[in-house]
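Asks: Here you go, structure.cif (mmCIF, N, CA and C atoms):
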data_query
loop_
_atom_site.label_atom_id
_atom_site.label_comp_id
_atom_site.auth_asym_id
_atom_site.auth_seq_id
_atom_site.Cartn_x
_atom_site.Cartn_y
_atom_site.Cartn_z
N MET A 193 -63.45 87.33 -187.98
CA MET A 193 -63.77 88.70 -187.63
C MET A 193 -63.31 88.93 -186.19
N THR A 194 -62.60 90.02 -185.98
CA THR A 194 -62.19 90.38 -184.63
C THR A 194 -62.72 91.77 -184.31
N TYR A 195 -62.88 92.03 -183.03
CA TYR A 195 -63.38 93.32 -182.57
C TYR A 195 -62.31 93.99 -181.73
N GLY A 196 -62.34 95.31 -181.71
CA GLY A 196 -61.39 96.07 -180.92
C GLY A 196 -61.73 96.01 -179.44
N THR A 197 -61.00 96.77 -178.68
CA THR A 197 -61.21 96.86 -177.25
C THR A 197 -62.57 97.49 -176.96
N PRO A 198 -63.37 96.89 -176.09
CA PRO A 198 -64.65 97.50 -175.76
C PRO A 198 -64.46 98.93 -175.22
N THR A 199 -65.35 99.82 -175.63
CA THR A 199 -65.28 101.23 -175.25
C THR A 199 -66.64 101.67 -174.76
N TRP A 200 -66.66 102.33 -173.61
CA TRP A 200 -67.91 102.90 -173.10
C TRP A 200 -68.23 104.16 -173.89
N ILE A 201 -69.43 104.23 -174.45
CA ILE A 201 -69.86 105.42 -175.16
C ILE A 201 -71.28 105.76 -174.73
N TRP A 202 -71.59 107.04 -174.79
CA TRP A 202 -72.93 107.51 -174.44
C TRP A 202 -73.84 107.34 -175.64
N SER A 203 -75.00 106.77 -175.41
CA SER A 203 -75.96 106.58 -176.49
C SER A 203 -77.28 107.24 -176.13
N VAL A 204 -78.02 107.62 -177.16
CA VAL A 204 -79.36 108.16 -176.99
C VAL A 204 -80.26 107.61 -178.08
N ALA A 205 -81.54 107.53 -177.77
CA ALA A 205 -82.53 107.09 -178.75
C ALA A 205 -83.33 108.29 -179.22
N VAL A 206 -83.51 108.37 -180.53
CA VAL A 206 -84.34 109.41 -181.15
C VAL A 206 -85.16 108.73 -182.24
N ASP A 207 -86.48 108.85 -182.14
CA ASP A 207 -87.37 108.25 -183.14
C ASP A 207 -87.03 106.79 -183.41
N ASP A 208 -86.90 106.00 -182.36
CA ASP A 208 -86.63 104.56 -182.46
C ASP A 208 -85.30 104.21 -183.11
N ALA A 209 -84.37 105.15 -183.15
CA ALA A 209 -83.02 104.87 -183.66
C ALA A 209 -82.02 105.20 -182.55
N LEU A 210 -80.88 104.51 -182.56
CA LEU A 210 -79.84 104.71 -181.56
C LEU A 210 -78.71 105.54 -182.17
N TYR A 211 -78.26 106.55 -181.42
CA TYR A 211 -77.18 107.43 -181.87
C TYR A 211 -76.10 107.49 -180.80
N VAL A 212 -74.87 107.62 -181.25
CA VAL A 212 -73.73 107.78 -180.36
C VAL A 212 -72.83 108.89 -180.90
N ARG A 213 -72.04 109.48 -180.01
CA ARG A 213 -71.10 110.53 -180.39
C ARG A 213 -69.74 110.24 -179.78
N GLY A 214 -68.71 110.66 -180.49
CA GLY A 214 -67.36 110.55 -179.97
C GLY A 214 -67.02 111.76 -179.12
N TYR A 215 -66.75 111.56 -177.84
CA TYR A 215 -66.40 112.66 -176.94
C TYR A 215 -65.23 113.47 -177.50
N ASN A 216 -64.25 112.78 -178.05
CA ASN A 216 -63.08 113.45 -178.64
C ASN A 216 -63.28 113.73 -180.13
N GLY A 217 -64.51 113.77 -180.55
CA GLY A 217 -64.81 114.08 -181.94
C GLY A 217 -64.29 113.02 -182.89
N GLN A 218 -63.91 113.45 -184.07
CA GLN A 218 -63.46 112.51 -185.11
C GLN A 218 -62.12 111.90 -184.78
N LYS A 219 -61.46 112.35 -183.74
CA LYS A 219 -60.20 111.75 -183.30
C LYS A 219 -60.42 110.54 -182.37
N SER A 220 -61.66 110.33 -181.95
CA SER A 220 -61.97 109.18 -181.09
C SER A 220 -61.63 107.90 -181.83
N ARG A 221 -60.91 107.01 -181.17
CA ARG A 221 -60.49 105.76 -181.84
C ARG A 221 -61.68 104.91 -182.27
N TRP A 222 -62.68 104.80 -181.39
CA TRP A 222 -63.82 103.96 -181.76
C TRP A 222 -64.54 104.56 -182.96
N TYR A 223 -64.62 105.90 -183.03
CA TYR A 223 -65.29 106.55 -184.15
C TYR A 223 -64.54 106.25 -185.45
N GLN A 224 -63.23 106.38 -185.41
CA GLN A 224 -62.43 106.10 -186.60
C GLN A 224 -62.63 104.66 -187.06
N ALA A 225 -62.65 103.72 -186.12
CA ALA A 225 -62.86 102.32 -186.47
C ALA A 225 -64.28 102.10 -187.01
N ALA A 226 -65.26 102.74 -186.39
CA ALA A 226 -66.65 102.58 -186.84
C ALA A 226 -66.82 103.08 -188.27
N ILE A 227 -66.21 104.21 -188.58
CA ILE A 227 -66.33 104.78 -189.92
C ILE A 227 -65.55 103.94 -190.94
N ARG A 228 -64.39 103.49 -190.54
CA ARG A 228 -63.57 102.67 -191.44
C ARG A 228 -64.24 101.33 -191.74
N GLU A 229 -64.73 100.65 -190.71
CA GLU A 229 -65.29 99.30 -190.87
C GLU A 229 -66.78 99.31 -191.23
N ARG A 230 -67.47 100.39 -190.85
CA ARG A 230 -68.91 100.54 -191.08
C ARG A 230 -69.74 99.47 -190.36
N ALA A 231 -69.12 98.69 -189.48
CA ALA A 231 -69.82 97.64 -188.76
C ALA A 231 -69.09 97.34 -187.46
N GLY A 232 -69.81 96.73 -186.54
CA GLY A 232 -69.20 96.36 -185.27
C GLY A 232 -70.19 95.63 -184.40
N ARG A 233 -69.92 95.65 -183.10
CA ARG A 233 -70.77 94.98 -182.12
C ARG A 233 -70.97 95.93 -180.95
N ILE A 234 -72.20 95.98 -180.47
CA ILE A 234 -72.48 96.79 -179.28
C ILE A 234 -73.17 95.93 -178.24
N ILE A 235 -73.02 96.35 -177.00
CA ILE A 235 -73.76 95.76 -175.89
C ILE A 235 -74.56 96.90 -175.28
N ALA A 236 -75.87 96.77 -175.31
CA ALA A 236 -76.75 97.81 -174.77
C ALA A 236 -78.00 97.13 -174.23
N ALA A 237 -78.49 97.64 -173.12
CA ALA A 237 -79.71 97.11 -172.50
C ALA A 237 -79.63 95.60 -172.29
N GLY A 238 -78.42 95.12 -171.96
CA GLY A 238 -78.24 93.71 -171.67
C GLY A 238 -78.19 92.81 -172.89
N MET A 239 -78.16 93.41 -174.08
CA MET A 239 -78.12 92.62 -175.32
C MET A 239 -76.84 92.90 -176.08
N THR A 240 -76.34 91.89 -176.77
CA THR A 240 -75.19 92.05 -177.67
C THR A 240 -75.72 91.98 -179.09
N LYS A 241 -75.39 92.99 -179.88
CA LYS A 241 -75.91 93.07 -181.25
C LYS A 241 -74.80 93.39 -182.24
N GLU A 242 -74.86 92.77 -183.40
CA GLU A 242 -74.03 93.14 -184.53
C GLU A 242 -74.71 94.34 -185.18
N VAL A 243 -73.94 95.37 -185.50
CA VAL A 243 -74.53 96.61 -185.99
C VAL A 243 -73.75 97.20 -187.15
N THR A 244 -74.37 98.14 -187.82
CA THR A 244 -73.70 98.97 -188.81
C THR A 244 -73.70 100.40 -188.28
N PHE A 245 -72.76 101.20 -188.77
CA PHE A 245 -72.63 102.58 -188.36
C PHE A 245 -72.76 103.48 -189.58
N GLU A 246 -73.50 104.57 -189.41
CA GLU A 246 -73.71 105.53 -190.49
C GLU A 246 -73.50 106.94 -189.93
N THR A 247 -72.69 107.74 -190.59
CA THR A 247 -72.48 109.11 -190.13
C THR A 247 -73.78 109.90 -190.24
N VAL A 248 -73.89 110.92 -189.40
CA VAL A 248 -75.12 111.71 -189.31
C VAL A 248 -74.78 113.19 -189.44
N GLU A 249 -75.55 113.89 -190.22
CA GLU A 249 -75.44 115.34 -190.35
C GLU A 249 -76.83 115.92 -190.46
N GLY A 250 -76.94 117.22 -190.26
CA GLY A 250 -78.19 117.91 -190.51
C GLY A 250 -79.05 118.11 -189.28
N PRO A 251 -80.32 118.45 -189.52
CA PRO A 251 -81.25 118.85 -188.45
C PRO A 251 -81.50 117.78 -187.39
N ILE A 252 -81.32 116.50 -187.72
CA ILE A 252 -81.51 115.44 -186.71
C ILE A 252 -80.62 115.68 -185.50
N ASN A 253 -79.50 116.37 -185.71
CA ASN A 253 -78.60 116.64 -184.58
C ASN A 253 -79.24 117.48 -183.49
N ASP A 254 -80.20 118.33 -183.83
CA ASP A 254 -80.91 119.11 -182.81
C ASP A 254 -81.70 118.16 -181.89
N LEU A 255 -82.33 117.16 -182.48
CA LEU A 255 -83.07 116.18 -181.68
C LEU A 255 -82.13 115.32 -180.86
N ILE A 256 -80.99 114.99 -181.43
CA ILE A 256 -79.98 114.21 -180.70
C ILE A 256 -79.46 115.02 -179.52
N ASP A 257 -79.18 116.31 -179.73
CA ASP A 257 -78.77 117.19 -178.63
C ASP A 257 -79.81 117.16 -177.51
N ASP A 258 -81.08 117.30 -177.88
CA ASP A 258 -82.15 117.30 -176.88
C ASP A 258 -82.18 115.98 -176.10
N ALA A 259 -81.96 114.88 -176.80
CA ALA A 259 -81.95 113.57 -176.14
C ALA A 259 -80.77 113.46 -175.17
N TYR A 260 -79.60 113.98 -175.57
CA TYR A 260 -78.45 113.99 -174.65
C TYR A 260 -78.76 114.85 -173.43
N ARG A 261 -79.37 116.00 -173.63
CA ARG A 261 -79.72 116.88 -172.51
C ARG A 261 -80.66 116.18 -171.53
N ALA A 262 -81.65 115.49 -172.06
CA ALA A 262 -82.63 114.81 -171.21
C ALA A 262 -82.01 113.63 -170.46
N LYS A 263 -81.21 112.84 -171.15
CA LYS A 263 -80.66 111.62 -170.55
C LYS A 263 -79.50 111.90 -169.60
N TYR A 264 -78.66 112.87 -169.94
CA TYR A 264 -77.43 113.09 -169.17
C TYR A 264 -77.42 114.42 -168.43
N ARG A 265 -78.61 114.97 -168.18
CA ARG A 265 -78.78 116.21 -167.43
C ARG A 265 -77.97 116.14 -166.13
N GLY A 266 -77.21 117.19 -165.86
CA GLY A 266 -76.45 117.26 -164.62
C GLY A 266 -75.04 116.70 -164.72
N SER A 267 -74.71 116.03 -165.81
CA SER A 267 -73.37 115.48 -165.96
C SER A 267 -72.39 116.57 -166.41
N PRO A 268 -71.17 116.56 -165.87
CA PRO A 268 -70.17 117.52 -166.32
C PRO A 268 -69.71 117.25 -167.76
N TYR A 269 -70.05 116.10 -168.30
CA TYR A 269 -69.65 115.74 -169.67
C TYR A 269 -70.70 116.12 -170.70
N LEU A 270 -71.86 116.59 -170.25
CA LEU A 270 -72.93 116.92 -171.19
C LEU A 270 -72.52 118.02 -172.16
N ARG A 271 -71.98 119.10 -171.65
CA ARG A 271 -71.64 120.23 -172.53
C ARG A 271 -70.72 119.81 -173.69
N PRO A 272 -69.62 119.07 -173.42
CA PRO A 272 -68.80 118.63 -174.55
C PRO A 272 -69.54 117.69 -175.51
N MET A 273 -70.48 116.89 -174.98
CA MET A 273 -71.18 115.94 -175.83
C MET A 273 -72.18 116.60 -176.78
N ILE A 274 -72.57 117.83 -176.48
CA ILE A 274 -73.46 118.54 -177.40
C ILE A 274 -72.72 119.69 -178.10
N GLY A 275 -71.40 119.71 -177.92
CA GLY A 275 -70.56 120.72 -178.57
C GLY A 275 -70.16 120.30 -179.97
N ALA A 276 -69.53 121.21 -180.68
CA ALA A 276 -69.17 121.00 -182.10
C ALA A 276 -68.25 119.80 -182.30
N ARG A 277 -67.29 119.59 -181.39
CA ARG A 277 -66.33 118.49 -181.57
C ARG A 277 -67.05 117.14 -181.58
N ALA A 278 -67.88 116.88 -180.57
CA ALA A 278 -68.60 115.60 -180.50
C ALA A 278 -69.65 115.52 -181.60
N LEU A 279 -70.33 116.63 -181.86
CA LEU A 279 -71.36 116.64 -182.89
C LEU A 279 -70.80 116.19 -184.24
N SER A 280 -69.54 116.55 -184.52
CA SER A 280 -68.93 116.16 -185.80
C SER A 280 -68.69 114.66 -185.90
N ALA A 281 -68.83 113.96 -184.77
CA ALA A 281 -68.61 112.51 -184.74
C ALA A 281 -69.89 111.80 -184.28
N THR A 282 -71.02 112.19 -184.86
CA THR A 282 -72.31 111.57 -184.54
C THR A 282 -72.55 110.40 -185.49
N VAL A 283 -72.96 109.28 -184.91
CA VAL A 283 -73.14 108.05 -185.68
C VAL A 283 -74.50 107.44 -185.34
N LYS A 284 -75.19 107.00 -186.37
CA LYS A 284 -76.42 106.23 -186.19
C LYS A 284 -76.03 104.75 -186.14
N VAL A 285 -76.57 104.03 -185.17
CA VAL A 285 -76.27 102.62 -184.98
C VAL A 285 -77.50 101.82 -185.39
N MET A 286 -77.31 100.88 -186.32
CA MET A 286 -78.43 100.09 -186.82
C MET A 286 -78.14 98.61 -186.73
N PRO A 287 -79.14 97.80 -186.40
CA PRO A 287 -78.92 96.35 -186.34
C PRO A 287 -78.47 95.82 -187.70
N ARG A 288 -77.61 94.81 -187.64
CA ARG A 288 -77.08 94.22 -188.89
C ARG A 288 -77.53 92.78 -188.96
N GLU A 289 -77.96 92.37 -190.12
CA GLU A 289 -78.30 90.97 -190.33
C GLU A 289 -77.03 90.15 -190.36
N THR A 290 -77.03 89.03 -189.68
CA THR A 290 -75.86 88.14 -189.67
C THR A 290 -76.28 86.75 -190.09
N ASN A 291 -75.30 85.99 -190.50
CA ASN A 291 -75.55 84.60 -190.90
C ASN A 291 -75.13 83.63 -189.82
N ALA A 292 -74.98 84.13 -188.58
CA ALA A 292 -74.52 83.28 -187.49
C ALA A 292 -75.65 82.45 -186.92
#
As structure tokens, what does this structure read like?

Replies:
Amino acid sequence: MTYGTPTWIWSVAVDDALYVRGYNGQKSRWYQAAIRERAGRIIAAGMTKEVTFETVEGPINDLIDDAYRAKYRGSPYLRPMIGARALSATVKVMPRETNA
């Protein structure tokens, strides 16, 4: 198993789940790889975890928007991250069981 180039992405927690969005929407390379492979590796809070990725739609996006507003308030990148392009590339990140 090989992994692609590490990519910095903005993450937020909502109801004990981790969500990420592609700044460039569905054209984001990491998003395309996440959807294609449905699995990967993340480093967050000083931990490295094997994860699965699941696309997200519906009302949960309102809560995800609120979490982005709270966490990234004042950033010039906030507006695009809660806009339609990034919203279309919202992914739920879940821990994956491994046999390692």

Asks: Could you pull out the strand (DSSP E or B) residues of chain A, going by DSSP on the backbone, and write them as an MDAnalysis selection string?

Replies: chainID A and resid 203:206 209:213 231:236 239:247 282:287

Asks: Kindly give the distance, in Å, that separates atom C of Val283 in chain A and CA of Thr197 in chain A, rounded to a single decimal.

Replies: 18.8 Å

Asks: Using Å and a single decimal, report how far CA of Glu246 in chain A sits from CA of Pro287 in chain A.

Replies: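 Atom-to-atom, CA of Pro287 in chain A and CA of Glu246 in chain A are spaced 11.3 Å apart.
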
Asks: Around the point (-72.1, 103.1, -186.4), in the coordinates given by the file, pick out the residues reaching within 7 Å, counting all atoms listed in the file, and return them as a ChimeraX atom specification.

Replies: /A:226-227,230-232,243-247,283-286

Asks: For the residues in the current selection, export N, CA and C atoms as a short mmCIF file (atom, residue, chain, number, x, y, z; two decimals), in the frame of the given file.

Replies:
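Just written: selection_13.cif:
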data_model
loop_
_atom_site.label_atom_id
_atom_site.label_comp_id
_atom_site.auth_asym_id
_atom_site.auth_seq_id
_atom_site.Cartn_x
_atom_site.Cartn_y
_atom_site.Cartn_z
N ALA A 226 -65.26 102.74 -186.39
CA ALA A 226 -66.65 102.58 -186.84
C ALA A 226 -66.82 103.08 -188.27
N ILE A 227 -66.21 104.21 -188.58
CA ILE A 227 -66.33 104.78 -189.92
C ILE A 227 -65.55 103.94 -190.94
N ARG A 230 -67.47 100.39 -190.85
CA ARG A 230 -68.91 100.54 -191.08
C ARG A 230 -69.74 99.47 -190.36
N ALA A 231 -69.12 98.69 -189.48
CA ALA A 231 -69.82 97.64 -188.76
C ALA A 231 -69.09 97.34 -187.46
N GLY A 232 -69.81 96.73 -186.54
CA GLY A 232 -69.20 96.36 -185.27
C GLY A 232 -70.19 95.63 -184.40
N VAL A 243 -73.94 95.37 -185.50
CA VAL A 243 -74.53 96.61 -185.99
C VAL A 243 -73.75 97.20 -187.15
N THR A 244 -74.37 98.14 -187.82
CA THR A 244 -73.70 98.97 -188.81
C THR A 244 -73.70 100.40 -188.28
N PHE A 245 -72.76 101.20 -188.77
CA PHE A 245 -72.63 102.58 -188.36
C PHE A 245 -72.76 103.48 -189.58
N GLU A 246 -73.50 104.57 -189.41
CA GLU A 246 -73.71 105.53 -190.49
C GLU A 246 -73.50 106.94 -189.93
N THR A 247 -72.69 107.74 -190.59
CA THR A 247 -72.48 109.11 -190.13
C THR A 247 -73.78 109.90 -190.24
N VAL A 283 -72.96 109.28 -184.91
CA VAL A 283 -73.14 108.05 -185.68
C VAL A 283 -74.50 107.44 -185.34
N LYS A 284 -75.19 107.00 -186.37
CA LYS A 284 -76.42 106.23 -186.19
C LYS A 284 -76.03 104.75 -186.14
N VAL A 285 -76.57 104.03 -185.17
CA VAL A 285 -76.27 102.62 -184.98
C VAL A 285 -77.50 101.82 -185.39
N MET A 286 -77.31 100.88 -186.32
CA MET A 286 -78.43 100.09 -186.82
C MET A 286 -78.14 98.61 -186.73
#

Asks: Calculated over only C-alpha atoms, which of the candidates A:Met239, A:Tyr215, A:Ala225, A:Asp254 has the smallest distance to Arg271 in chain A?

Replies: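 Closest residue, counting only C-alpha atoms: A:Tyr215.
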
Asks: If you measure from CA of Glu242 in chain A to CA of Pro272 in chain A, what distance in Å do you get, rounded to one decimal?

Replies: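 Here the two named atoms are 27.9 Å from each other.
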
Asks: Starting from the shown file, work through the PyMOL selection byres (((chain A and resi 275-277 and name CA) around 12) and name CA) and note down what comes out as a VMD selection string.

Replies: chain A and resid 213 to 220 249 253 to 254 256 to 257 260 to 261 269 to 274 278 to 282

Asks: Convert the output of the PyMOL selection byres (((chain A and resi 199 and name CA) around 10) and name CA) on the shown file into explicit residues, formatted as a ChimeraX atom specification.

Replies: /A:196-198,200-202,221-222,234

Asks: Name all residues at most 8 Å from Ser203 in chain A (count only C-alpha atoms; drop same-chain ones fewer than 4 positions away) and give them as a list in words.

Replies: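 Contacts, in chain order: Leu210, Tyr211, Val212 and Arg213 of chain A.
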
Asks: Please, which residues of chain A, numbered as in this document, come out alpha helix (DSSP H) from DSSP, as a list in words?

Replies: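 Filtering chain A to alpha helix (DSSP H) leaves Arg221, Trp222, Tyr223, Gln224, Ala225, Ala226, Ile227, Arg228, Glu229, Ile252, Asn253, Asp254, Leu255, Ile256, Asp257, Asp258, Ala259, Tyr260, Arg261, Ala262, Lys263, Leu270, Arg271, Pro272, Met273, Ala276, Arg277, Ala278 and Leu279 of chain A.
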
Asks: Taking only C-alpha atoms into account, which of A:Tyr195, A:Arg228, A:Tyr223, A:Val204 comes nearest Lys263 in chain A?

Replies: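 Ranking A:Tyr195, A:Arg228, A:Tyr223, A:Val204 by distance to Lys263 in chain A, first place goes to A:Val204.
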
Asks: Please return range 199-225 of chain A, rebuilt to N, CA, C and O atoms, as a short mmCIF file (atom, residue, chain, number, x, y, z; two decimals), keeping the file's coordinate frame.

Replies:
data_model
loop_
_atom_site.label_atom_id
_atom_site.label_comp_id
_atom_site.auth_asym_id
_atom_site.auth_seq_id
_atom_site.Cartn_x
_atom_site.Cartn_y
_atom_site.Cartn_z
N THR A 199 -65.35 99.82 -175.63
CA THR A 199 -65.28 101.23 -175.25
C THR A 199 -66.64 101.67 -174.76
O THR A 199 -67.65 101.43 -175.42
N TRP A 200 -66.66 102.33 -173.61
CA TRP A 200 -67.91 102.90 -173.10
C TRP A 200 -68.23 104.16 -173.89
O TRP A 200 -67.39 105.03 -174.01
N ILE A 201 -69.43 104.23 -174.45
CA ILE A 201 -69.86 105.42 -175.16
C ILE A 201 -71.28 105.76 -174.73
O ILE A 201 -72.05 104.89 -174.35
N TRP A 202 -71.59 107.04 -174.79
CA TRP A 202 -72.93 107.51 -174.44
C TRP A 202 -73.84 107.34 -175.64
O TRP A 202 -73.51 107.76 -176.75
N SER A 203 -75.00 106.77 -175.41
CA SER A 203 -75.96 106.58 -176.49
C SER A 203 -77.28 107.24 -176.13
O SER A 203 -77.61 107.40 -174.95
N VAL A 204 -78.02 107.62 -177.16
CA VAL A 204 -79.36 108.16 -176.99
C VAL A 204 -80.26 107.61 -178.08
O VAL A 204 -79.80 107.26 -179.17
N ALA A 205 -81.54 107.53 -177.77
CA ALA A 205 -82.53 107.09 -178.75
C ALA A 205 -83.33 108.29 -179.22
O ALA A 205 -83.74 109.13 -178.42
N VAL A 206 -83.51 108.37 -180.53
CA VAL A 206 -84.34 109.41 -181.15
C VAL A 206 -85.16 108.73 -182.24
O VAL A 206 -84.60 108.09 -183.14
N ASP A 207 -86.48 108.85 -182.14
CA ASP A 207 -87.37 108.25 -183.14
C ASP A 207 -87.03 106.79 -183.41
O ASP A 207 -86.88 106.37 -184.56
N ASP A 208 -86.90 106.00 -182.36
CA ASP A 208 -86.63 104.56 -182.46
C ASP A 208 -85.30 104.21 -183.11
O ASP A 208 -85.11 103.09 -183.58
N ALA A 209 -84.37 105.15 -183.15
CA ALA A 209 -83.02 104.87 -183.66
C ALA A 209 -82.02 105.20 -182.55
O ALA A 209 -82.27 106.06 -181.70
N LEU A 210 -80.88 104.51 -182.56
CA LEU A 210 -79.84 104.71 -181.56
C LEU A 210 -78.71 105.54 -182.17
O LEU A 210 -78.28 105.28 -183.30
N TYR A 211 -78.26 106.55 -181.42
CA TYR A 211 -77.18 107.43 -181.87
C TYR A 211 -76.10 107.49 -180.80
O TYR A 211 -76.39 107.44 -179.60
N VAL A 212 -74.87 107.62 -181.25
CA VAL A 212 -73.73 107.78 -180.36
C VAL A 212 -72.83 108.89 -180.90
O VAL A 212 -72.87 109.20 -182.10
N ARG A 213 -72.04 109.48 -180.01
CA ARG A 213 -71.10 110.53 -180.39
C ARG A 213 -69.74 110.24 -179.78
O ARG A 213 -69.65 109.71 -178.67
N GLY A 214 -68.71 110.66 -180.49
CA GLY A 214 -67.36 110.55 -179.97
C GLY A 214 -67.02 111.76 -179.12
O GLY A 214 -67.00 112.88 -179.64
N TYR A 215 -66.75 111.56 -177.84
CA TYR A 215 -66.40 112.66 -176.94
C TYR A 215 -65.23 113.47 -177.50
O TYR A 215 -65.22 114.68 -177.45
N ASN A 216 -64.25 112.78 -178.05
CA ASN A 216 -63.08 113.45 -178.64
C ASN A 216 -63.28 113.73 -180.13
O ASN A 216 -62.31 113.90 -180.87
N GLY A 217 -64.51 113.77 -180.55
CA GLY A 217 -64.81 114.08 -181.94
C GLY A 217 -64.29 113.02 -182.89
O GLY A 217 -64.23 111.84 -182.55
N GLN A 218 -63.91 113.45 -184.07
CA GLN A 218 -63.46 112.51 -185.11
C GLN A 218 -62.12 111.90 -184.78
O GLN A 218 -61.69 110.96 -185.45
N LYS A 219 -61.46 112.35 -183.74
CA LYS A 219 -60.20 111.75 -183.30
C LYS A 219 -60.42 110.54 -182.37
O LYS A 219 -59.49 109.83 -182.05
N SER A 220 -61.66 110.33 -181.95
CA SER A 220 -61.97 109.18 -181.09
C SER A 220 -61.63 107.90 -181.83
O SER A 220 -62.04 107.71 -182.98
N ARG A 221 -60.91 107.01 -181.17
CA ARG A 221 -60.49 105.76 -181.84
C ARG A 221 -61.68 104.91 -182.27
O ARG A 221 -61.69 104.35 -183.36
N TRP A 222 -62.68 104.80 -181.39
CA TRP A 222 -63.82 103.96 -181.76
C TRP A 222 -64.54 104.56 -182.96
O TRP A 222 -65.04 103.83 -183.81
N TYR A 223 -64.62 105.90 -183.03
CA TYR A 223 -65.29 106.55 -184.15
C TYR A 223 -64.54 106.25 -185.45
O TYR A 223 -65.14 105.90 -186.46
N GLN A 224 -63.23 106.38 -185.41
CA GLN A 224 -62.43 106.10 -186.60
C GLN A 224 -62.63 104.66 -187.06
O GLN A 224 -62.79 104.40 -188.26
N ALA A 225 -62.65 103.72 -186.12
CA ALA A 225 -62.86 102.32 -186.47
C ALA A 225 -64.28 102.10 -187.01
O ALA A 225 -64.46 101.38 -187.99
#
